[in-house]
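Source file: target.txt (compact mmCIF, C-alpha atoms and all ligand atoms)
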# COMPACT_ATOMS: atom_id res chain seq x y z
CA MET A 1 -55.16 13.25 -82.71
CA ASN A 2 -56.68 11.18 -79.96
CA VAL A 3 -60.26 12.43 -79.75
CA GLU A 4 -61.20 10.56 -76.57
CA LYS A 5 -58.12 11.76 -74.70
CA LEU A 6 -58.71 15.31 -75.88
CA MET A 7 -62.37 15.19 -74.84
CA LEU A 8 -61.48 13.85 -71.37
CA GLU A 9 -59.01 16.67 -70.89
CA LEU A 10 -61.55 19.25 -72.07
CA GLU A 11 -64.26 17.82 -69.80
CA ARG A 12 -61.88 18.06 -66.87
CA ARG A 13 -61.24 21.74 -67.59
CA HIS A 14 -64.86 22.60 -68.44
CA PRO A 15 -67.03 20.17 -66.46
CA GLY A 16 -70.73 20.01 -67.30
CA GLU A 17 -70.47 22.36 -70.30
CA ASN A 18 -72.51 20.00 -72.43
CA GLU A 19 -73.27 22.13 -75.49
CA TYR A 20 -69.63 23.14 -75.79
CA LEU A 21 -68.41 19.56 -75.42
CA GLN A 22 -71.03 18.38 -77.95
CA ALA A 23 -69.87 20.91 -80.57
CA VAL A 24 -66.19 20.09 -80.05
CA ARG A 25 -66.79 16.33 -80.23
CA GLU A 26 -68.69 16.68 -83.52
CA VAL A 27 -65.92 18.70 -85.17
CA LEU A 28 -63.02 16.60 -83.88
CA THR A 29 -64.56 13.26 -84.84
CA THR A 30 -65.38 14.46 -88.36
CA VAL A 31 -61.97 16.06 -89.04
CA GLU A 32 -59.82 13.39 -87.34
CA GLU A 33 -58.97 11.45 -90.49
CA ALA A 34 -58.10 14.52 -92.58
CA TYR A 35 -56.15 16.00 -89.64
CA ASN A 36 -53.98 12.93 -89.31
CA ARG A 37 -52.82 13.36 -92.89
CA TYR A 38 -50.97 16.53 -91.86
CA PRO A 39 -48.22 15.69 -89.32
CA GLU A 40 -47.57 19.42 -88.81
CA PHE A 41 -51.04 19.75 -87.22
CA GLU A 42 -50.20 17.19 -84.55
CA ALA A 43 -46.67 18.58 -84.12
CA ASN A 44 -48.16 22.02 -83.43
CA ARG A 45 -50.97 20.63 -81.21
CA ILE A 46 -53.54 22.41 -83.38
CA ALA A 47 -56.48 20.37 -82.05
CA GLU A 48 -55.59 21.11 -78.40
CA ARG A 49 -55.17 24.80 -79.19
CA ILE A 50 -58.23 25.27 -81.38
CA VAL A 51 -60.76 23.87 -78.88
CA GLU A 52 -59.84 26.33 -76.11
CA PRO A 53 -61.05 29.95 -76.40
CA ASP A 54 -58.34 32.63 -76.57
CA ARG A 55 -60.07 34.50 -73.74
CA GLN A 56 -63.46 35.05 -72.12
CA PHE A 57 -64.87 38.13 -70.43
CA THR A 58 -67.62 37.92 -67.83
CA PHE A 59 -69.09 41.11 -66.43
CA LYS A 60 -71.93 42.43 -64.32
CA VAL A 61 -74.69 44.40 -66.05
CA VAL A 62 -76.72 46.63 -63.72
CA TRP A 63 -79.74 48.50 -65.04
CA THR A 64 -83.03 49.96 -63.82
CA ASP A 65 -86.44 48.67 -64.92
CA ASP A 66 -89.52 50.81 -65.57
CA ARG A 67 -90.68 50.46 -61.96
CA GLY A 68 -87.40 51.91 -60.78
CA ASP A 69 -86.16 48.56 -59.47
CA VAL A 70 -82.49 47.71 -59.92
CA GLN A 71 -81.81 44.60 -62.01
CA VAL A 72 -78.60 42.58 -62.31
CA ASN A 73 -77.59 40.35 -65.23
CA THR A 74 -74.38 38.68 -66.38
CA GLY A 75 -72.75 39.72 -69.65
CA TYR A 76 -70.18 37.70 -71.61
CA ARG A 77 -67.85 37.84 -74.59
CA VAL A 78 -65.92 34.75 -75.67
CA GLN A 79 -63.07 35.59 -78.08
CA PHE A 80 -62.39 32.15 -79.47
CA ASN A 81 -59.94 32.33 -82.36
CA ASN A 82 -58.59 35.18 -84.50
CA ALA A 83 -56.08 33.32 -86.66
CA ILE A 84 -57.71 34.37 -89.94
CA GLY A 85 -59.26 37.73 -89.02
CA PRO A 86 -60.71 39.86 -86.22
CA TYR A 87 -63.00 38.07 -83.75
CA LYS A 88 -66.50 38.07 -85.21
CA GLY A 89 -69.82 36.72 -84.00
CA GLY A 90 -73.17 37.60 -82.54
CA LEU A 91 -74.55 38.54 -79.14
CA ARG A 92 -77.39 36.46 -77.72
CA PHE A 93 -79.80 37.85 -75.12
CA HIS A 94 -81.78 34.93 -73.68
CA PRO A 95 -82.31 33.54 -70.18
CA SER A 96 -80.62 30.27 -71.21
CA VAL A 97 -77.31 32.01 -72.00
CA ASN A 98 -74.36 30.57 -70.05
CA PRO A 99 -70.64 29.94 -70.69
CA SER A 100 -71.29 26.53 -72.26
CA ILE A 101 -73.74 27.87 -74.82
CA LEU A 102 -71.52 30.81 -75.72
CA LYS A 103 -68.46 28.58 -76.04
CA PHE A 104 -70.31 26.18 -78.36
CA LEU A 105 -71.49 29.10 -80.46
CA GLY A 106 -68.05 30.74 -80.50
CA PHE A 107 -66.39 27.45 -81.47
CA GLU A 108 -68.86 26.84 -84.32
CA GLN A 109 -68.38 30.43 -85.44
CA ILE A 110 -64.64 29.85 -86.13
CA PHE A 111 -65.35 27.29 -88.85
CA LYS A 112 -68.48 28.98 -90.19
CA ASN A 113 -66.59 32.23 -90.64
CA ALA A 114 -63.71 30.40 -92.31
CA LEU A 115 -66.21 28.88 -94.77
CA THR A 116 -67.49 32.30 -95.85
CA THR A 117 -64.15 32.97 -97.62
CA LEU A 118 -63.93 36.29 -95.72
CA PRO A 119 -61.22 37.13 -93.15
CA MET A 120 -63.11 36.73 -89.87
CA GLY A 121 -62.21 34.91 -86.65
CA GLY A 122 -64.72 33.36 -84.25
CA ALA A 123 -66.39 34.85 -81.17
CA LYS A 124 -69.73 34.98 -79.39
CA GLY A 125 -71.23 36.87 -76.50
CA GLY A 126 -74.43 37.90 -74.83
CA SER A 127 -76.32 37.88 -71.60
CA ASP A 128 -78.93 35.97 -69.61
CA PHE A 129 -81.12 39.08 -69.96
CA ASN A 130 -84.65 38.09 -70.96
CA PRO A 131 -86.13 40.52 -73.52
CA LYS A 132 -89.58 38.92 -73.14
CA GLY A 133 -92.11 41.47 -71.91
CA LYS A 134 -89.54 44.26 -71.60
CA SER A 135 -90.36 47.78 -72.73
CA ASP A 136 -88.34 49.60 -75.34
CA ARG A 137 -86.75 51.82 -72.71
CA GLU A 138 -85.83 48.84 -70.56
CA VAL A 139 -84.12 47.21 -73.53
CA MET A 140 -82.29 50.48 -74.20
CA ARG A 141 -81.07 50.83 -70.63
CA PHE A 142 -79.93 47.23 -70.58
CA CYS A 143 -78.04 47.60 -73.88
CA GLN A 144 -76.35 50.78 -72.65
CA ALA A 145 -75.29 49.15 -69.39
CA PHE A 146 -74.01 46.08 -71.30
CA MET A 147 -71.93 48.24 -73.62
CA THR A 148 -70.34 50.27 -70.81
CA GLU A 149 -68.40 47.07 -70.01
CA LEU A 150 -68.08 45.46 -73.45
CA TRP A 151 -66.72 48.47 -75.34
CA ARG A 152 -63.20 48.07 -73.87
CA HIS A 153 -62.81 44.65 -75.47
CA ILE A 154 -64.09 45.28 -78.99
CA GLY A 155 -63.08 47.37 -82.00
CA PRO A 156 -63.45 47.40 -85.79
CA GLU A 157 -60.14 45.54 -86.26
CA THR A 158 -60.29 43.59 -82.99
CA ASP A 159 -63.69 42.10 -82.34
CA VAL A 160 -66.93 42.91 -84.19
CA PRO A 161 -70.15 41.72 -82.50
CA ALA A 162 -73.56 41.45 -84.19
CA GLY A 163 -77.02 40.09 -83.40
CA ASP A 164 -78.25 36.60 -82.55
CA ILE A 165 -81.33 35.40 -80.66
CA GLY A 166 -82.84 38.38 -78.79
CA VAL A 167 -80.57 40.91 -80.49
CA GLY A 168 -81.98 42.56 -83.60
CA ALA A 169 -81.80 45.97 -85.26
CA ARG A 170 -83.24 47.75 -82.21
CA GLU A 171 -80.67 46.31 -79.79
CA ILE A 172 -77.79 46.85 -82.23
CA GLY A 173 -78.88 50.50 -82.50
CA TYR A 174 -78.76 51.03 -78.73
CA LEU A 175 -75.49 49.10 -78.39
CA TYR A 176 -73.88 51.04 -81.23
CA GLY A 177 -75.06 54.38 -79.85
CA MET A 178 -73.40 53.68 -76.50
CA TYR A 179 -70.20 52.41 -78.12
CA ARG A 180 -69.95 55.54 -80.24
CA LYS A 181 -70.42 57.74 -77.18
CA LEU A 182 -67.81 55.91 -75.10
CA ALA A 183 -65.18 55.35 -77.80
CA GLN A 184 -65.79 58.73 -79.46
CA GLU A 185 -65.56 57.19 -82.89
CA ASN A 186 -67.87 56.15 -85.70
CA THR A 187 -66.58 52.82 -86.87
CA GLY A 188 -68.04 49.55 -88.06
CA VAL A 189 -67.65 48.01 -84.62
CA LEU A 190 -70.98 46.19 -84.79
CA THR A 191 -72.77 44.69 -87.77
CA GLY A 192 -76.49 44.53 -88.38
CA LYS A 193 -76.59 48.30 -88.03
CA GLY A 194 -79.47 50.46 -89.30
CA MET A 195 -79.22 51.85 -92.81
CA THR A 196 -78.86 55.45 -91.55
CA TYR A 197 -75.61 54.74 -89.70
CA GLY A 198 -73.58 52.25 -91.69
CA GLY A 199 -75.74 49.17 -92.07
CA SER A 200 -75.87 46.96 -95.15
CA LEU A 201 -78.88 46.26 -97.32
CA ILE A 202 -79.91 42.57 -97.20
CA ARG A 203 -78.28 41.99 -93.74
CA PRO A 204 -81.71 41.46 -92.06
CA GLU A 205 -82.67 38.90 -94.71
CA ALA A 206 -79.21 37.39 -95.18
CA THR A 207 -79.27 34.38 -92.85
CA GLY A 208 -82.60 33.10 -94.16
CA PHE A 209 -81.92 34.02 -97.81
CA GLY A 210 -78.47 32.44 -97.71
CA ALA A 211 -79.96 29.29 -96.16
CA VAL A 212 -82.46 28.98 -98.99
CA TYR A 213 -79.74 29.59 -101.62
CA PHE A 214 -77.80 26.75 -100.01
CA LEU A 215 -80.91 24.55 -99.88
CA VAL A 216 -81.56 25.16 -103.59
CA GLN A 217 -78.06 23.82 -104.31
CA MET A 218 -78.56 20.81 -102.05
CA LEU A 219 -81.79 20.06 -103.92
CA ALA A 220 -80.13 20.48 -107.31
CA GLU A 221 -77.57 17.81 -106.31
CA GLN A 222 -80.54 15.49 -105.79
CA GLY A 223 -82.09 16.49 -109.11
CA MET A 224 -84.84 18.36 -107.27
CA GLU A 225 -86.29 21.87 -107.43
CA ILE A 226 -87.57 24.00 -104.58
CA ARG A 227 -90.82 24.92 -106.35
CA GLY A 228 -93.76 22.96 -104.94
CA GLN A 229 -91.87 21.43 -101.99
CA ARG A 230 -93.54 21.40 -98.59
CA ILE A 231 -91.26 22.87 -95.93
CA ALA A 232 -91.46 22.73 -92.14
CA ILE A 233 -89.77 25.71 -90.51
CA SER A 234 -89.33 26.10 -86.75
CA GLY A 235 -89.02 29.43 -84.99
CA PHE A 236 -90.60 32.74 -85.99
CA GLY A 237 -87.72 35.18 -85.51
CA ASN A 238 -85.44 36.93 -87.97
CA VAL A 239 -83.92 33.74 -89.38
CA ALA A 240 -87.23 31.88 -89.81
CA TRP A 241 -88.67 35.02 -91.40
CA GLY A 242 -85.90 35.34 -94.01
CA ALA A 243 -86.03 31.64 -94.85
CA ALA A 244 -89.84 31.67 -95.16
CA LYS A 245 -89.72 34.79 -97.34
CA LYS A 246 -87.19 33.45 -99.85
CA ALA A 247 -88.57 29.89 -99.92
CA THR A 248 -92.08 31.23 -100.55
CA GLU A 249 -90.82 33.62 -103.23
CA LEU A 250 -89.22 30.63 -104.99
CA GLY A 251 -92.50 28.70 -105.00
CA ALA A 252 -92.13 26.43 -101.97
CA LYS A 253 -94.97 25.94 -99.50
CA VAL A 254 -93.94 26.71 -95.91
CA VAL A 255 -96.52 24.95 -93.74
CA THR A 256 -95.19 25.47 -90.21
CA ILE A 257 -93.57 28.03 -87.94
CA SER A 258 -93.12 27.64 -84.19
CA GLY A 259 -92.43 29.34 -80.87
CA PRO A 260 -91.64 28.25 -77.33
CA ASP A 261 -95.42 27.79 -76.85
CA GLY A 262 -95.99 25.31 -79.72
CA TYR A 263 -96.29 25.38 -83.50
CA ILE A 264 -98.58 26.68 -86.23
CA TYR A 265 -99.73 24.35 -88.99
CA ASP A 266 -100.90 26.29 -92.03
CA GLU A 267 -101.95 23.91 -94.80
CA ALA A 268 -102.38 26.74 -97.33
CA GLY A 269 -98.75 27.77 -96.79
CA LEU A 270 -97.32 31.15 -95.83
CA ASP A 271 -97.78 34.16 -98.10
CA GLU A 272 -96.54 37.74 -98.12
CA GLU A 273 -99.09 38.97 -95.59
CA LYS A 274 -98.44 36.08 -93.19
CA ILE A 275 -94.69 36.53 -93.47
CA ALA A 276 -95.05 40.25 -92.73
CA TYR A 277 -97.15 39.29 -89.70
CA MET A 278 -94.20 37.28 -88.33
CA LEU A 279 -92.36 40.58 -87.84
CA GLU A 280 -95.31 41.97 -85.86
CA LEU A 281 -95.39 38.85 -83.69
CA ARG A 282 -91.68 39.19 -82.99
CA ALA A 283 -91.90 42.92 -82.30
CA SER A 284 -94.59 42.27 -79.66
CA ASN A 285 -91.79 40.85 -77.43
CA ASN A 286 -94.10 38.13 -76.07
CA ASP A 287 -92.24 35.16 -77.58
CA VAL A 288 -95.42 33.25 -78.50
CA VAL A 289 -96.61 32.08 -81.90
CA ALA A 290 -100.23 31.20 -80.93
CA PRO A 291 -101.78 34.55 -82.04
CA TYR A 292 -101.02 33.59 -85.67
CA ALA A 293 -103.89 31.05 -85.61
CA GLU A 294 -106.37 33.74 -84.52
CA GLN A 295 -105.10 36.11 -87.18
CA PHE A 296 -105.27 33.58 -90.03
CA PRO A 297 -108.29 31.23 -89.98
CA GLY A 298 -107.48 27.95 -91.65
CA SER A 299 -104.27 27.60 -89.66
CA THR A 300 -104.04 25.64 -86.40
CA PHE A 301 -102.00 26.19 -83.25
CA ILE A 302 -100.70 22.99 -81.70
CA ALA A 303 -99.67 23.74 -78.11
CA GLY A 304 -96.50 22.37 -76.58
CA ARG A 305 -95.36 20.40 -79.63
CA LYS A 306 -92.68 20.76 -82.31
CA PRO A 307 -93.36 20.96 -86.08
CA TRP A 308 -91.32 17.84 -86.90
CA GLU A 309 -94.43 15.63 -86.70
CA VAL A 310 -95.84 17.20 -89.88
CA ALA A 311 -95.27 15.34 -93.17
CA VAL A 312 -92.96 17.52 -95.32
CA ASP A 313 -90.33 17.23 -98.04
CA ILE A 314 -87.87 19.56 -96.35
CA ALA A 315 -87.16 20.42 -92.71
CA MET A 316 -85.51 23.72 -91.81
CA PRO A 317 -84.88 24.10 -88.08
CA CYS A 318 -84.58 27.87 -87.53
CA ALA A 319 -85.02 28.21 -83.76
CA THR A 320 -82.20 27.16 -81.43
CA GLN A 321 -79.65 24.48 -80.50
CA ASN A 322 -80.71 20.86 -80.01
CA GLU A 323 -84.27 21.60 -81.13
CA LEU A 324 -84.50 18.47 -83.28
CA SER A 325 -84.04 15.17 -81.40
CA GLY A 326 -83.31 11.65 -82.62
CA GLU A 327 -86.98 10.86 -82.21
CA ASP A 328 -87.97 13.93 -84.26
CA ALA A 329 -85.56 12.81 -86.99
CA ARG A 330 -87.08 9.32 -87.09
CA GLN A 331 -90.56 10.87 -87.33
CA LEU A 332 -89.49 13.14 -90.20
CA LEU A 333 -87.87 10.19 -92.00
CA ALA A 334 -90.96 8.01 -91.49
CA ASN A 335 -93.00 10.81 -93.08
CA GLY A 336 -90.70 10.91 -96.10
CA VAL A 337 -88.49 13.96 -95.52
CA LYS A 338 -86.02 14.32 -98.41
CA VAL A 339 -83.62 17.07 -97.32
CA VAL A 340 -82.75 18.71 -94.00
CA ALA A 341 -81.21 22.17 -94.01
CA GLU A 342 -80.30 23.16 -90.46
CA VAL A 343 -80.45 26.92 -90.10
CA SER A 344 -80.16 27.22 -86.32
CA ASN A 345 -76.71 26.73 -84.81
CA MET A 346 -76.37 23.04 -83.85
CA GLY A 347 -80.15 22.69 -84.26
CA CYS A 348 -79.99 18.89 -84.55
CA ARG A 349 -79.00 16.54 -81.72
CA PRO A 350 -76.14 14.14 -82.61
CA GLU A 351 -78.66 11.23 -82.73
CA ALA A 352 -80.74 13.15 -85.27
CA ILE A 353 -77.73 13.81 -87.50
CA GLU A 354 -76.79 10.16 -87.26
CA ALA A 355 -80.31 9.13 -88.32
CA PHE A 356 -80.27 11.43 -91.36
CA ILE A 357 -76.83 10.27 -92.45
CA GLU A 358 -77.74 6.63 -91.95
CA ALA A 359 -80.84 7.14 -94.11
CA LYS A 360 -78.59 8.85 -96.71
CA ILE A 361 -80.69 11.99 -96.55
CA PRO A 362 -78.71 15.15 -97.31
CA TYR A 363 -78.28 17.04 -94.04
CA GLY A 364 -76.78 20.54 -94.27
CA PRO A 365 -75.25 21.63 -90.93
CA GLY A 366 -75.92 25.09 -89.47
CA LYS A 367 -72.37 26.31 -89.88
CA ALA A 368 -72.71 25.94 -93.67
CA VAL A 369 -76.42 26.63 -94.15
CA ASN A 370 -76.65 29.73 -91.93
CA ALA A 371 -73.28 31.25 -92.86
CA GLY A 372 -74.96 33.84 -95.10
CA GLY A 373 -75.75 35.92 -92.01
CA VAL A 374 -72.20 36.41 -90.86
CA ALA A 375 -70.98 36.55 -94.47
CA THR A 376 -73.20 39.58 -95.04
CA SER A 377 -71.87 41.01 -91.78
CA GLY A 378 -68.44 40.66 -93.39
CA LEU A 379 -69.75 42.54 -96.42
CA GLU A 380 -71.07 45.25 -94.08
CA MET A 381 -67.55 45.55 -92.60
CA THR A 382 -66.08 45.94 -96.08
CA GLN A 383 -68.57 48.68 -96.94
CA ASN A 384 -67.79 50.46 -93.66
CA SER A 385 -64.04 50.31 -94.40
CA GLN A 386 -64.66 51.75 -97.84
CA LYS A 387 -67.18 54.30 -96.47
CA LEU A 388 -69.57 53.14 -99.18
CA ASN A 389 -73.00 51.52 -99.45
CA TRP A 390 -73.57 48.81 -101.99
CA THR A 391 -76.98 48.25 -103.60
CA ALA A 392 -79.21 45.39 -102.51
CA GLU A 393 -78.46 43.65 -105.82
CA GLU A 394 -74.71 43.87 -105.26
CA VAL A 395 -74.94 42.46 -101.74
CA ASP A 396 -77.37 39.72 -102.78
CA ALA A 397 -75.12 38.69 -105.69
CA LYS A 398 -72.13 38.41 -103.33
CA LEU A 399 -74.23 36.43 -100.84
CA HIS A 400 -75.23 34.04 -103.64
CA GLN A 401 -71.61 33.62 -104.66
CA ILE A 402 -70.48 32.93 -101.08
CA MET A 403 -73.22 30.32 -100.47
CA SER A 404 -72.21 28.62 -103.72
CA SER A 405 -68.59 28.48 -102.71
CA ILE A 406 -69.55 26.97 -99.32
CA HIS A 407 -71.63 24.34 -101.12
CA THR A 408 -68.72 23.55 -103.43
CA ALA A 409 -66.38 23.20 -100.42
CA CYS A 410 -68.85 20.79 -98.75
CA ILE A 411 -68.94 18.65 -101.88
CA GLU A 412 -65.16 18.71 -102.22
CA TYR A 413 -64.48 17.63 -98.62
CA GLY A 414 -67.67 15.71 -97.88
CA THR A 415 -68.36 13.38 -100.80
CA GLU A 416 -68.06 9.76 -99.66
CA ALA A 417 -67.05 6.66 -101.63
CA ASP A 418 -70.66 5.79 -102.51
CA GLY A 419 -71.39 9.32 -103.71
CA TYR A 420 -73.35 10.40 -100.60
CA ILE A 421 -72.56 14.00 -99.73
CA ASN A 422 -71.82 14.24 -96.02
CA TYR A 423 -72.26 17.99 -95.66
CA MET A 424 -71.38 17.93 -91.97
CA LYS A 425 -68.03 16.34 -92.68
CA GLY A 426 -67.45 18.60 -95.68
CA ALA A 427 -68.19 21.82 -93.78
CA ASN A 428 -66.17 20.83 -90.72
CA ILE A 429 -63.11 19.75 -92.70
CA ALA A 430 -63.16 22.73 -95.09
CA GLY A 431 -63.49 25.25 -92.24
CA PHE A 432 -61.00 23.48 -89.98
CA MET A 433 -58.28 23.13 -92.64
CA LYS A 434 -58.20 26.83 -93.37
CA VAL A 435 -57.88 27.87 -89.72
CA ALA A 436 -55.43 25.06 -88.86
CA LYS A 437 -53.11 25.91 -91.74
CA SER A 438 -53.13 29.58 -90.82
CA MET A 439 -52.28 28.69 -87.19
CA VAL A 440 -49.34 26.51 -88.31
CA GLU A 441 -48.00 29.28 -90.55
CA GLN A 442 -48.21 31.87 -87.77
CA GLY A 443 -46.29 29.90 -85.16
CA ILE A 444 -46.98 28.67 -81.65
CA LEU A 445 -48.81 31.32 -79.63
O1 LIG B 501 -74.71 32.73 -85.62
C1 LIG B 501 -74.35 33.65 -86.39
O2 LIG B 501 -73.63 33.44 -87.35
C2 LIG B 501 -74.83 35.00 -86.09
N1 LIG B 501 -75.58 35.18 -85.13
C3 LIG B 501 -74.39 36.16 -86.93
C4 LIG B 501 -73.03 36.62 -86.53
C5 LIG B 501 -72.56 37.88 -87.21
O3 LIG B 501 -71.48 38.33 -86.80
O4 LIG B 501 -73.21 38.40 -88.11

Starting from the file, give its structure as structure tokens.
Amino acid sequence: MNVEKLMLELERRHPGENEYLQAVREVLTTVEEAYNRYPEFEANRIAERIVEPDRQFTFKVVWTDDRGDVQVNTGYRVQFNNAIGPYKGGLRFHPSVNPSILKFLGFEQIFKNALTTLPMGGAKGGSDFNPKGKSDREVMRFCQAFMTELWRHIGPETDVPAGDIGVGAREIGYLYGMYRKLAQENTGVLTGKGMTYGGSLIRPEATGFGAVYFLVQMLAEQGMEIRGQRIAISGFGNVAWGAAKKATELGAKVVTISGPDGYIYDEAGLDEEKIAYMLELRASNNDVVAPYAEQFPGSTFIAGRKPWEVAVDIAMPCATQNELSGEDARQLLANGVKVVAEVSNMGCRPEAIEAFIEAKIPYGPGKAVNAGGVATSGLEMTQNSQKLNWTAEEVDAKLHQIMSSIHTACIEYGTEADGYINYMKGANIAGFMKVAKSMVEQGIL
């Protein structure tokens, strides 16, 4: 594999798609050495084939707001790779959504899904629709309009979407309702469904819980425990909520959460009431974290800044891509950070990752740390196929087991000569190998 040549070719075909190119470059550079040990990969041009999505749909979404005005958005679905199972991955509703962001997310999803041990391919979709300030009915009308186009391209054995930023249980409900009406079938075509119509217990918590299970294992490798550690979390959505809940339950002190408006510093640490309040904040649809400081005296709102300036033992980015810069990483390291568990997809800039690895600080990449979300989606699909509901304990036990196996895979493929565990390398190689081998075995197509 010639990474530079491949990247030039990809840039020519997808000019200016920076997030996508960033994600591809990271994976190719970390798997290059392992890849070159398998001549059949090069003979079958696996690298060239794996970096290009199978197909992408772009469609117009027309809906009517509460004033009666007609609104137009763009909807997308990127079906990236289905070598090991049906296309699987979330839908993101956010004004920043564009083909580059969805291609980076879809590409990452291939390897993340492979790591879960479950048979799922990689996909991603969404819209530039901005849920901020929208009423419930507006969200419903948008979701219905979005699904009138999307439904043709998805199916329980074809492509199974789920939530991501801006798409939670409410949106999945409206999307599922419209799919069911159009397709005239009740199938597990979306995951993250409500419990009354085929959802799985633990799915809302799964991304955050799984991330903390993974973190606990990273800490154990360092001879550390989670109890008593100070953790900086960014974001205040579903993922940040789940991570804060489990970390707090296990005795850690979560001292920050954040929003697009700034961050909250809470020296006393989050507790059950504060964590429950995060859901209220999110449900308000305003996308601001500032009201937390008014609700809980003793905490401070720091406008326009990120939580990475706070001295902590552990950093858990839980917001969005590229939220932690090289400068943020140097600040965290100067303040003595010991472990970084990235929960957002590609949350750290390449310079930040480089800084952590250079400092020999364990850095868990999003595609390993946050894989519990999609893994539990996979468990929801299994329950739907069986027409059964498992108990919360059963799902949680399986989630635990899956996060453990991902950690083991990272150690197997990522341990370097000096004993440092390069989790990024481990996760990328483990995920890539599985998909690449399956592509070789299935022929050139
Ligand atoms: O980034 C992710 O893994 C998700 N948003 C969850 C995808 C899924 O299909 O559950």

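Across A:Val239, A:Val61, A:Val216, A:Val24, the tightest approach to ligand LIG 501 (chain B) is made by A:Val239 when counting only C-alpha atoms and all ligand atoms.
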
Cut-off 8 Å, only C-alpha atoms and all ligand atoms, neighbours of ligand LIG 501 (chain B) as a ChimeraX atom specification: /A:88-92,105,109,112-113,160-165,191-192,207,344-345,367,370-378

Pairwise distance for atom CA of A:Ile226 and atom CA of A:Met424, rounded to one decimal in Å: 21.4 Å

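Residues surrounding A:Lys245 within 10 Å are Glu205, Gly208, Phe209, Val212, Val239, Ala240, Trp241, Gly242, Ala243, Ala247, Thr248, Glu249, Leu250, Ala252, Val254, Leu270, Asp271, Glu272, Lys274, Ile275 and Ala276 of chain A [only C-alpha atoms; sequence separation below 2 positions excluded].
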
Among listed residues A:Asp65, A:Glu40, A:Glu171, A:Asp328, nearest A:Glu441 (using all atoms listed in the file): A:Glu40

Can stretch 78-91 of chain A be brought up to N, CA and C atoms and written out as a PDB file, in the frame of the given file?
ATOM      1  N   VAL A  78     -66.910  35.806 -75.508  1.00  0.00           N
ATOM      2  CA  VAL A  78     -65.920  34.750 -75.670  1.00  0.00           C
ATOM      3  C   VAL A  78     -65.186  35.014 -76.971  1.00  0.00           C
ATOM      4  N   GLN A  79     -63.888  35.374 -76.872  1.00  0.00           N
ATOM      5  CA  GLN A  79     -63.070  35.590 -78.080  1.00  0.00           C
ATOM      6  C   GLN A  79     -62.363  34.275 -78.330  1.00  0.00           C
ATOM      7  N   PHE A  80     -62.829  33.537 -79.333  1.00  0.00           N
ATOM      8  CA  PHE A  80     -62.390  32.150 -79.470  1.00  0.00           C
ATOM      9  C   PHE A  80     -61.122  31.989 -80.290  1.00  0.00           C
ATOM     10  N   ASN A  81     -61.090  32.544 -81.465  1.00  0.00           N
ATOM     11  CA  ASN A  81     -59.940  32.330 -82.360  1.00  0.00           C
ATOM     12  C   ASN A  81     -59.884  33.457 -83.378  1.00  0.00           C
ATOM     13  N   ASN A  82     -58.708  34.105 -83.504  1.00  0.00           N
ATOM     14  CA  ASN A  82     -58.590  35.180 -84.500  1.00  0.00           C
ATOM     15  C   ASN A  82     -57.442  34.932 -85.477  1.00  0.00           C
ATOM     16  N   ALA A  83     -57.187  33.656 -85.766  1.00  0.00           N
ATOM     17  CA  ALA A  83     -56.080  33.320 -86.660  1.00  0.00           C
ATOM     18  C   ALA A  83     -56.292  33.878 -88.073  1.00  0.00           C
ATOM     19  N   ILE A  84     -57.523  33.936 -88.547  1.00  0.00           N
ATOM     20  CA  ILE A  84     -57.710  34.370 -89.940  1.00  0.00           C
ATOM     21  C   ILE A  84     -58.332  35.759 -90.071  1.00  0.00           C
ATOM     22  N   GLY A  85     -58.681  36.393 -88.957  1.00  0.00           N
ATOM     23  CA  GLY A  85     -59.260  37.730 -89.020  1.00  0.00           C
ATOM     24  C   GLY A  85     -59.732  38.153 -87.646  1.00  0.00           C
ATOM     25  N   PRO A  86     -60.220  39.398 -87.514  1.00  0.00           N
ATOM     26  CA  PRO A  86     -60.710  39.860 -86.220  1.00  0.00           C
ATOM     27  C   PRO A  86     -61.808  38.945 -85.676  1.00  0.00           C
ATOM     28  N   TYR A  87     -61.906  38.848 -84.361  1.00  0.00           N
ATOM     29  CA  TYR A  87     -63.000  38.070 -83.750  1.00  0.00           C
ATOM     30  C   TYR A  87     -64.319  38.592 -84.304  1.00  0.00           C
ATOM     31  N   LYS A  88     -65.223  37.664 -84.607  1.00  0.00           N
ATOM     32  CA  LYS A  88     -66.500  38.070 -85.210  1.00  0.00           C
ATOM     33  C   LYS A  88     -67.570  37.094 -84.788  1.00  0.00           C
ATOM     34  N   GLY A  89     -68.700  37.599 -84.362  1.00  0.00           N
ATOM     35  CA  GLY A  89     -69.820  36.720 -84.000  1.00  0.00           C
ATOM     36  C   GLY A  89     -70.842  37.482 -83.192  1.00  0.00           C
ATOM     37  N   GLY A  90     -72.015  36.898 -83.087  1.00  0.00           N
ATOM     38  CA  GLY A  90     -73.170  37.600 -82.540  1.00  0.00           C
ATOM     39  C   GLY A  90     -73.202  37.688 -81.020  1.00  0.00           C
ATOM     40  N   LEU A  91     -74.209  38.442 -80.561  1.00  0.00           N
ATOM     41  CA  LEU A  91     -74.550  38.540 -79.140  1.00  0.00           C
ATOM     42  C   LEU A  91     -75.931  37.931 -78.977  1.00  0.00           C
TER      43      LEU A  91
END
